[in-house]
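Next up, input-v8.txt (compact mmCIF, C-alpha atoms):
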# COMPACT_ATOMS: atom_id res chain seq x y z
CA MET A 1 0.00 0.00 0.00
CA ASN A 2 1.21 3.52 -0.65
CA THR A 3 0.00 6.98 0.28
CA ASP A 4 -1.82 7.45 -3.03
CA GLN A 5 -3.90 4.34 -2.34
CA LEU A 6 -4.54 5.49 1.20
CA PHE A 7 -5.64 8.92 -0.03
CA GLU A 8 -7.95 7.33 -2.58
CA ALA A 9 -9.36 4.95 0.02
CA ILE A 10 -10.27 7.84 2.30
CA GLY A 11 -12.38 9.02 -0.63
CA GLU A 12 -14.60 5.98 -0.02
CA VAL A 13 -15.74 7.23 3.36
CA ASP A 14 -19.51 7.18 4.00
CA ALA A 15 -21.47 10.24 2.89
CA GLU A 16 -23.00 10.43 6.36
CA LYS A 17 -19.56 10.90 7.92
CA LEU A 18 -18.70 13.56 5.38
CA ARG A 19 -21.94 15.37 6.04
CA HIS A 20 -21.31 15.34 9.77
CA SER A 21 -17.76 16.56 9.31
CA GLU A 22 -18.88 19.40 7.07
CA GLN A 23 -21.61 20.51 9.42
CA SER A 24 -19.53 20.30 12.57
CA PRO A 25 -19.07 22.10 14.82
CA ARG A 26 -22.22 24.03 13.98
CA ARG A 27 -25.39 23.21 15.77
CA HIS A 28 -27.46 24.45 12.88
CA ARG A 29 -27.41 23.34 9.32
CA PRO A 30 -25.21 25.80 7.46
CA LEU A 31 -26.63 27.97 4.72
CA ARG A 32 -26.02 26.65 1.29
CA PHE A 33 -24.39 29.23 -0.85
CA VAL A 34 -24.16 29.80 -4.54
CA GLY A 35 -21.14 31.64 -5.60
CA VAL A 36 -17.85 32.05 -7.18
CA LEU A 37 -14.30 31.12 -6.62
CA ALA A 38 -12.17 33.89 -5.37
CA ALA A 39 -8.43 33.87 -5.61
CA VAL A 40 -5.92 36.24 -4.26
CA ILE A 41 -2.63 37.18 -5.72
CA ALA A 42 -0.47 39.11 -3.35
CA SER A 43 2.71 41.03 -3.84
CA LEU A 44 4.75 43.04 -1.40
CA ALA A 45 3.23 46.34 -2.47
CA ALA A 46 -0.27 45.52 -3.62
CA LEU A 47 -2.92 42.97 -2.97
CA THR A 48 -5.15 41.88 -5.78
CA LEU A 49 -8.42 40.15 -5.15
CA ILE A 50 -9.71 38.45 -8.27
CA VAL A 51 -13.34 37.54 -8.37
CA ASN A 52 -14.13 35.04 -11.08
CA ALA A 53 -17.57 34.88 -12.58
CA SER A 54 -19.26 31.54 -12.08
CA THR A 55 -20.18 29.53 -15.14
CA ASP A 56 -23.80 30.60 -15.10
CA GLY A 57 -22.84 34.23 -15.15
CA ALA A 58 -23.94 34.96 -11.59
CA MET A 59 -21.66 37.47 -9.96
CA LEU A 60 -21.11 38.02 -6.32
CA ASN A 61 -21.27 41.53 -5.01
CA VAL A 62 -18.41 42.42 -2.77
CA LEU A 63 -20.10 43.98 0.19
CA ARG A 64 -17.36 44.99 2.51
CA ILE A 65 -13.66 44.48 2.88
CA TRP A 66 -11.91 44.36 6.20
CA LEU A 67 -8.23 45.04 6.04
CA ASN A 68 -6.29 44.67 9.26
CA GLY A 69 -9.47 45.38 11.17
CA GLU A 70 -10.33 48.47 9.11
CA SER A 71 -13.55 48.44 7.19
CA ILE A 72 -13.05 49.50 3.57
CA GLN A 73 -15.93 50.21 1.23
CA THR A 74 -15.54 49.15 -2.36
CA ASN A 75 -15.72 52.81 -3.41
CA ASP A 76 -12.66 53.60 -1.27
CA PRO A 77 -9.98 55.32 -3.39
CA ARG A 78 -7.53 52.57 -2.42
CA VAL A 79 -9.73 50.04 -4.15
CA GLN A 80 -9.54 49.84 -7.93
CA GLN A 81 -12.10 47.85 -9.83
CA SER A 82 -11.51 46.56 -13.31
CA THR A 83 -12.25 43.65 -15.60
CA ASP A 84 -9.59 41.42 -17.10
CA ALA A 85 -9.47 39.96 -20.60
CA ASN A 86 -11.41 36.90 -19.42
CA GLY A 87 -14.23 38.99 -18.04
CA ASN A 88 -13.27 38.44 -14.41
CA ASP A 89 -13.97 41.30 -12.06
CA ILE A 90 -10.83 42.37 -10.28
CA LEU A 91 -10.54 44.33 -7.10
CA GLN A 92 -7.10 45.69 -6.42
CA ILE A 93 -6.30 47.05 -3.01
CA ASP A 94 -3.10 48.90 -2.29
CA VAL A 95 -1.47 47.68 0.86
CA ASP A 96 1.41 49.58 2.39
CA SER A 97 2.43 46.91 4.84
CA LYS A 98 3.44 43.38 3.97
CA ASP A 99 1.57 42.15 7.03
CA TYR A 100 -2.11 42.13 6.43
CA GLU A 101 -5.26 40.26 7.05
CA LEU A 102 -8.00 40.76 4.55
CA ILE A 103 -11.56 39.71 5.04
CA ALA A 104 -13.84 40.06 2.04
CA ALA A 105 -17.53 39.57 2.59
CA LYS A 106 -19.67 38.92 -0.42
CA THR A 107 -23.30 38.18 -1.10
CA ASP A 108 -24.85 36.51 -4.06
CA GLU A 109 -27.17 38.47 -6.30
CA SER A 110 -30.24 37.51 -4.33
CA LYS A 111 -28.52 38.72 -1.14
CA GLU A 112 -29.73 35.50 0.43
CA SER A 113 -26.40 34.01 1.25
CA LEU A 114 -23.21 35.36 2.62
CA VAL A 115 -19.70 34.18 2.09
CA ILE A 116 -16.95 35.58 4.19
CA GLN A 117 -13.49 34.90 2.96
CA ARG A 118 -10.55 35.61 5.13
CA TYR A 119 -7.16 35.95 3.57
CA LEU A 120 -4.04 35.82 5.64
CA SER A 121 -0.49 36.48 4.66
CA ASN A 122 2.77 35.91 6.43
CA GLU A 123 5.42 38.55 6.86
CA ASP A 124 6.82 37.89 3.40
CA GLY A 125 3.52 38.67 1.80
CA GLN A 126 2.83 35.02 0.88
CA MET A 127 -0.74 33.87 1.14
CA LEU A 128 -1.37 31.35 3.87
CA GLY A 129 -4.82 30.40 2.70
CA PHE A 130 -8.31 31.49 3.48
CA VAL A 131 -11.09 30.53 5.78
CA MET A 132 -14.68 30.51 4.63
CA GLN A 133 -17.34 31.01 7.21
CA LEU A 134 -21.07 31.13 7.12
CA ASN A 135 -22.70 32.75 10.06
CA GLN A 136 -26.25 33.18 11.02
CA VAL A 137 -28.51 35.57 12.86
CA GLU A 138 -32.09 34.62 13.62
CA GLU A 139 -35.01 36.71 14.79
CA ARG A 140 -36.93 34.52 17.17
CA ASP A 141 -39.63 35.33 19.76
CA GLY A 142 -38.89 39.03 19.41
CA LYS A 143 -35.22 38.45 20.06
CA ILE A 144 -32.22 38.74 17.76
CA ILE A 145 -30.02 35.71 18.23
CA LEU A 146 -26.52 35.26 16.83
CA ILE A 147 -25.53 31.65 16.35
CA TYR A 148 -21.81 31.28 16.50
CA GLY A 149 -19.53 28.39 17.37
CA GLY A 150 -22.51 26.39 18.59
CA ASP A 151 -23.51 29.17 21.01
CA GLU A 152 -26.58 31.38 20.87
CA ILE A 153 -25.88 35.00 21.78
CA ASP A 154 -28.74 37.41 22.44
CA LEU A 155 -28.09 40.68 20.58
CA THR A 156 -31.54 42.19 21.11
CA GLU A 157 -30.34 44.87 23.49
CA LYS A 158 -27.23 45.77 21.52
CA LEU A 159 -29.16 46.18 18.29
CA GLN A 160 -32.08 48.04 19.83
CA ASN A 161 -30.83 51.51 18.87
CA SER A 162 -28.15 50.63 16.37
CA ASP A 163 -27.71 48.70 13.17
CA GLU A 164 -24.28 47.49 14.14
CA CYS A 165 -22.74 45.96 17.23
CA THR A 166 -19.75 43.93 18.31
CA VAL A 167 -19.41 40.91 20.53
CA ASP A 168 -16.28 39.73 22.28
CA TYR A 169 -16.25 35.98 21.94
CA SER A 170 -13.81 33.92 23.94
CA VAL A 171 -13.24 30.28 23.30
CA TYR A 172 -12.00 28.01 26.03
CA TRP A 173 -10.43 24.67 25.41
CA ASP A 174 -9.45 22.39 28.28
CA ASN A 175 -10.30 25.32 30.60
CA LYS A 176 -7.72 27.52 28.91
CA LEU A 177 -8.42 30.54 26.75
CA ALA A 178 -7.85 29.26 23.22
CA SER A 179 -8.87 32.23 21.15
CA HIS A 180 -10.52 35.58 21.44
CA ILE A 181 -12.61 36.79 18.54
CA LEU A 182 -14.34 40.04 17.81
CA ILE A 183 -17.64 39.47 16.05
CA ARG A 184 -19.25 42.40 14.23
CA VAL A 185 -22.91 42.15 13.35
CA GLN A 186 -24.37 44.58 10.87
CA LYS A 187 -28.05 44.91 10.05
CA THR A 188 -28.68 45.88 6.44
CA ALA A 189 -31.41 48.10 5.04
CA ASN A 190 -33.31 45.06 3.82
CA GLY A 191 -33.36 43.54 7.29
CA GLN A 192 -30.59 41.01 6.86
CA TYR A 193 -27.67 40.56 9.17
CA TYR A 194 -24.08 40.28 8.12
CA VAL A 195 -21.60 38.76 10.52
CA PHE A 196 -17.89 39.45 10.38
CA THR A 197 -15.27 37.92 12.60
CA GLU A 198 -11.74 38.98 13.27
CA PRO A 199 -9.17 38.16 15.94
CA ALA A 200 -9.66 40.50 18.89
CA LYS A 201 -6.78 42.87 19.51
CA MET B 1 -34.17 23.11 -6.57
CA THR B 2 -33.84 19.84 -4.67
CA ASP B 3 -31.20 17.19 -5.27
CA ASN B 4 -33.91 14.81 -6.45
CA GLU B 5 -35.07 17.28 -9.06
CA ILE B 6 -31.52 17.70 -10.34
CA ILE B 7 -31.02 13.93 -10.48
CA GLN B 8 -34.32 13.58 -12.38
CA MET B 9 -33.12 16.17 -14.90
CA LEU B 10 -29.89 14.22 -15.40
CA GLU B 11 -31.80 10.95 -15.72
CA ALA B 12 -34.02 12.55 -18.35
CA ARG B 13 -30.80 13.64 -20.15
CA ARG B 14 -31.74 17.30 -19.87
CA GLU B 15 -28.66 19.48 -20.15
CA SER B 16 -30.24 22.00 -17.82
CA GLY B 17 -29.32 19.45 -15.13
CA ILE B 18 -25.68 20.47 -15.60
CA SER B 19 -26.60 24.14 -15.14
CA ALA B 20 -28.51 23.22 -12.01
CA LEU B 21 -25.49 21.30 -10.68
CA SER B 22 -23.26 24.26 -11.43
CA GLU B 23 -25.60 26.71 -9.77
CA GLN B 24 -26.20 24.59 -6.70
CA TYR B 25 -22.77 23.08 -6.16
CA GLY B 26 -20.36 25.14 -8.27
CA ALA B 27 -18.84 27.08 -5.39
CA TYR B 28 -18.70 24.01 -3.17
CA CYS B 29 -16.83 21.90 -5.73
CA ARG B 30 -14.52 24.75 -6.70
CA GLN B 31 -13.54 25.19 -3.08
CA ILE B 32 -12.54 21.53 -2.74
CA ALA B 33 -10.71 21.56 -6.08
CA PHE B 34 -8.91 24.79 -5.24
CA ARG B 35 -7.63 23.41 -1.95
CA LEU B 36 -6.18 20.37 -3.68
CA THR B 37 -4.84 21.95 -6.84
CA GLY B 38 -3.92 25.35 -5.45
CA ARG B 39 -4.66 27.06 -8.76
CA PRO B 40 -7.97 28.69 -9.73
CA GLU B 41 -7.61 27.68 -13.37
CA ASP B 42 -6.98 24.03 -12.43
CA ALA B 43 -9.93 24.13 -10.06
CA GLU B 44 -12.16 25.49 -12.81
CA GLU B 45 -11.16 22.71 -15.19
CA VAL B 46 -11.61 20.06 -12.53
CA VAL B 47 -15.11 21.33 -11.80
CA ASN B 48 -16.00 21.22 -15.50
CA ASP B 49 -14.75 17.61 -15.53
CA VAL B 50 -16.93 16.92 -12.48
CA TRP B 51 -20.06 18.06 -14.35
CA LEU B 52 -19.09 15.85 -17.29
CA ARG B 53 -18.42 12.86 -15.03
CA ALA B 54 -21.72 13.43 -13.23
CA TRP B 55 -23.51 13.60 -16.59
CA GLU B 56 -21.87 10.31 -17.64
CA SER B 57 -22.48 8.49 -14.38
CA ILE B 58 -26.04 9.59 -13.47
CA PRO B 59 -27.75 7.40 -14.56
CA PRO B 60 -27.02 4.58 -13.77
CA GLN B 61 -25.81 5.96 -10.45
CA LYS B 62 -28.42 7.53 -8.19
CA PRO B 63 -26.50 9.07 -5.32
CA ILE B 64 -28.19 9.24 -1.94
CA SER B 65 -26.24 12.42 -1.20
CA LEU B 66 -25.64 14.35 -4.40
CA GLN B 67 -23.43 16.86 -2.59
CA HIS B 68 -21.02 14.23 -1.31
CA TYR B 69 -21.10 12.30 -4.55
CA LEU B 70 -19.89 15.49 -6.25
CA ALA B 71 -17.35 16.06 -3.45
CA LYS B 72 -15.86 12.63 -4.09
CA LEU B 73 -15.76 13.19 -7.85
CA THR B 74 -14.07 16.57 -7.28
CA ARG B 75 -11.51 15.11 -4.91
CA ASN B 76 -10.69 12.19 -7.21
CA LEU B 77 -10.47 14.32 -10.34
CA SER B 78 -8.29 16.92 -8.57
CA PHE B 79 -6.00 14.14 -7.42
CA ASP B 80 -5.84 12.63 -10.91
CA ARG B 81 -5.06 16.01 -12.40
CA ILE B 82 -2.22 16.74 -10.00
CA ARG B 83 -0.82 13.26 -10.39
CA ARG B 84 -1.01 13.61 -14.15
CA GLN B 85 0.79 16.92 -14.07
CA LYS B 86 3.39 15.53 -11.67
CA ALA B 87 2.94 18.80 -9.83
CA GLU B 88 3.30 17.53 -6.30
CA LYS B 89 6.19 19.86 -5.65
CA ARG B 90 4.44 22.91 -6.97
CA GLY B 91 3.68 25.38 -4.21
CA GLY B 92 0.24 26.48 -3.25
CA ASN B 93 -1.67 23.24 -2.97
CA GLU B 94 -2.32 21.26 0.15
CA LEU B 95 -2.02 17.79 -1.35
CA PRO B 96 1.74 17.16 -0.84
CA LEU B 97 1.39 17.95 2.87
CA VAL B 98 -1.66 15.73 3.20
CA LEU B 99 0.15 12.84 1.50
CA GLU B 100 3.25 13.37 3.62
CA GLU B 101 1.16 13.14 6.78
CA LEU B 102 -0.62 10.03 5.55
CA GLU B 103 2.75 8.39 5.04
CA ASN B 104 2.90 8.09 8.83
CA CYS B 105 0.08 5.56 8.64
CA LEU B 106 2.26 3.24 6.60
CA PRO B 107 5.23 1.11 7.66
CA ALA B 108 8.62 2.77 7.21
CA GLY B 109 10.65 1.93 4.13
CA GLU B 110 9.53 0.55 0.81
CA THR B 111 5.91 -0.51 0.62
CA PRO B 112 5.04 -2.89 -2.17
CA GLU B 113 1.94 -2.27 -4.22
CA SER B 114 -0.91 -4.00 -2.51
CA SER B 115 -3.50 -6.09 -4.26
CA LEU B 116 -6.00 -4.69 -1.80
CA SER B 117 -8.68 -2.76 -3.60
CA VAL B 118 -9.34 0.86 -2.78
CA LYS B 119 -12.91 -0.12 -1.87
CA GLU B 120 -11.73 -2.74 0.65
CA LEU B 121 -9.31 -0.31 2.20
CA GLY B 122 -11.99 2.38 2.23
CA SER B 123 -14.31 0.03 4.12
CA ALA B 124 -11.58 -0.62 6.68
CA ILE B 125 -11.04 3.12 7.16
CA ASN B 126 -14.79 3.56 7.57
CA ARG B 127 -14.85 0.91 10.28
CA PHE B 128 -11.84 2.48 11.97
CA LEU B 129 -13.46 5.90 12.00
CA ASP B 130 -16.54 4.38 13.63
CA THR B 131 -14.33 3.51 16.61
CA GLN B 132 -13.15 7.11 17.01
CA PRO B 133 -14.84 9.99 18.85
CA ARG B 134 -17.03 12.03 16.52
CA ARG B 135 -14.90 15.13 16.82
CA ASN B 136 -11.74 13.22 15.86
CA GLN B 137 -13.57 11.68 12.88
CA ASP B 138 -14.63 15.14 11.75
CA ILE B 139 -11.16 16.61 12.08
CA PHE B 140 -9.59 13.63 10.28
CA LEU B 141 -11.99 14.02 7.34
CA ARG B 142 -11.60 17.79 7.21
CA ARG B 143 -7.89 17.24 6.78
CA TYR B 144 -7.66 14.10 4.68
CA PHE B 145 -10.86 14.19 2.66
CA PHE B 146 -11.48 17.91 2.21
CA SER B 147 -7.75 18.78 2.48
CA GLU B 148 -8.37 21.79 4.71
CA THR B 149 -5.28 23.38 6.17
CA VAL B 150 -4.49 22.92 9.85
CA ALA B 151 -5.12 26.64 10.31
CA GLU B 152 -8.59 26.37 8.79
CA ILE B 153 -9.47 23.42 11.01
CA ALA B 154 -8.15 25.20 14.09
CA SER B 155 -10.28 28.22 13.29
CA ARG B 156 -13.39 26.15 12.68
CA TYR B 157 -13.13 24.19 15.91
CA HIS B 158 -11.65 27.05 17.94
CA MET B 159 -8.60 24.96 18.69
CA ARG B 160 -4.95 25.81 18.71
CA GLU B 161 -3.11 24.60 15.64
CA ASP B 162 -0.84 22.48 17.86
CA ASN B 163 -3.89 20.71 19.23
CA VAL B 164 -5.19 20.01 15.73
CA ARG B 165 -1.82 18.55 14.73
CA LEU B 166 -1.74 16.44 17.86
CA THR B 167 -5.27 15.14 17.30
CA LEU B 168 -4.43 14.25 13.69
CA SER B 169 -1.18 12.60 14.69
CA ARG B 170 -2.91 10.44 17.31
CA THR B 171 -5.64 9.44 14.87
CA ARG B 172 -3.05 8.51 12.23
CA THR B 173 -1.16 6.39 14.77
CA LYS B 174 -4.37 4.61 15.72
CA LEU B 175 -5.27 4.10 12.06
CA LYS B 176 -1.87 2.57 11.41
CA ALA B 177 -2.32 0.16 14.35
CA TYR B 178 -5.84 -0.68 13.17
CA LEU B 179 -4.73 -1.40 9.61
CA LYS B 180 -1.81 -3.46 10.85
CA GLN B 181 -4.00 -5.47 13.18
CA GLY B 182 -6.47 -6.08 10.37
CA GLY B 183 -3.71 -7.39 8.10
CA TYR B 184 -3.96 -4.47 5.70
CA LEU B 185 -0.33 -3.45 6.22
Show me, as structure tokens, the structure contained in the file I just sent.
Amino acid sequence: MNTDQLFEAIGEVDAEKLRHSEQSPRRHRPLRFVGVLAAVIASLAALTLIVNASTDGAMLNVLRIWLNGESIQTNDPRVQQSTDANGNDILQIDVDSKDYELIAAKTDESKESLVIQRYLSNEDGQMLGFVMQLNQVEERDGKIILIYGGDEIDLTEKLQNSDECTVDYSVYWDNKLASHILIRVQKTANGQYYVFTEPAK
Amino acid sequence: MTDNEIIQMLEARRESGISALSEQYGAYCRQIAFRLTGRPEDAEEVVNDVWLRAWESIPPQKPISLQHYLAKLTRNLSFDRIRRQKAEKRGGNELPLVLEELENCLPAGETPESSLSVKELGSAINRFLDTQPRRNQDIFLRRYFFSETVAEIASRYHMREDNVRLTLSRTRTKLKAYLKQGGYL
């Protein structure tokens, strides 16, 4: 037996196990999203986010970009939008520092699903990969509930007089603080909630 | 549109079934392909191959879970593509690391080609996973089926990366012992 065979054999795992793995650790079934593949090409001086059109022509709208914790609108002068020869929409963001964390949040055309892509680079400007997250806010019994990491957080009070709020979310593992996350929740004009996460400073 | 409706379209040989697959599962399959190949253009071609393979195989196949049927096709076709291109050393994809880690499940030194079928070995791995805690199963599959990076898994489960590596290492060691005990190694 070799590693190729082992890799192929893992491909025979039951669909039920795969489903469980994909849905964990969420308590709720994740939203299914329709979308596009995004790829990032980074250089020391500039960061380019390329948004490829999906095969059926549907295009995601880039809603908000978080760069090192700063919220950047797509009409920010640092953001240049263009289209390449293949018809892909390109967002180019000038980055002064080689250390950056970029979080791009996008919705599909129906605004029914949200994809948050988080791009990380190391100090040499090389991409380390991205994390996709789907988050969820529910209005239930007159309350606004954020579902995150298997927890339900009541945001009713925080969102009573504001369309935006933040939540400090600490994660403990083996009784030790494992990570500390800042969650931003933003209510949109059409009554939807967008959820952004970033490491707390 | 439900999975059953898409499958019915494919069974009726309606090409709109391919569009429905693309619309419903395009992003999902691209994500898996991109992780393995590390290149958007490769991922795009793999996904196109997935639609073709799905068109050719349904019918006679009638997957119980269309999503995971497509995930398996995507994974296999990505793997085939990388193997074909002999691109294991090319930066940017997660596959070389995944294969290197899986090597720990095998005995050291040369391993002769086994006559064991992939299906038999897959069944053994399924049985092994049934003996593991659910969380460890999930983490193992996130890494070795979906080829997520350790950082992605750590973020998802709110674990430290060291803990993810340790969990994976322990599961691999147990898998090796299980396969050895079962006469697979």
* To do: Specify as a ChimeraX atom specification all residues of chain B found within 8 Å of chain A, counting all atoms listed in the file.
  => /B:19,22-27,30-31,40,65,68-69,72,75-76,99-100,102-103,106,111-114,116,118-119,121-123,125-126,137-139,141-142,144-145,149,152,155-160,185
Centre and edges of the segment 97-107 of chain B box, axis-aligned, 5 Å extra per side, as AutoDock Vina command-line options:
--center_x 1.8 --center_y 9.5 --center_z 5.2 --size_x 16.9 --size_y 26.8 --size_z 17.3
* Show which residues sit within 12 Å of Gln8 of chain B, as a PyMOL selection string. Count all atoms listed in the file, and ignore same-chain residues fewer than 2 positions away. => chain B and resi 1-6+10-18+20-21+55+58-63+66
* To do: Work out how far atom CA of Met9 of chain B is from atom CA of Phe146 of chain B, in Å to one decimal.
  =>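 Calculated distance between atom CA of Phe146 of chain B and atom CA of Met9 of chain B is 27.6 Å.
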* Pairwise distance for atom CA of Ala33 of chain B and atom CA of Leu70 of chain B, rounded to one decimal in Å ->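 Pair atom CA of Ala33 of chain B / atom CA of Leu70 of chain B returns 11.0 Å.
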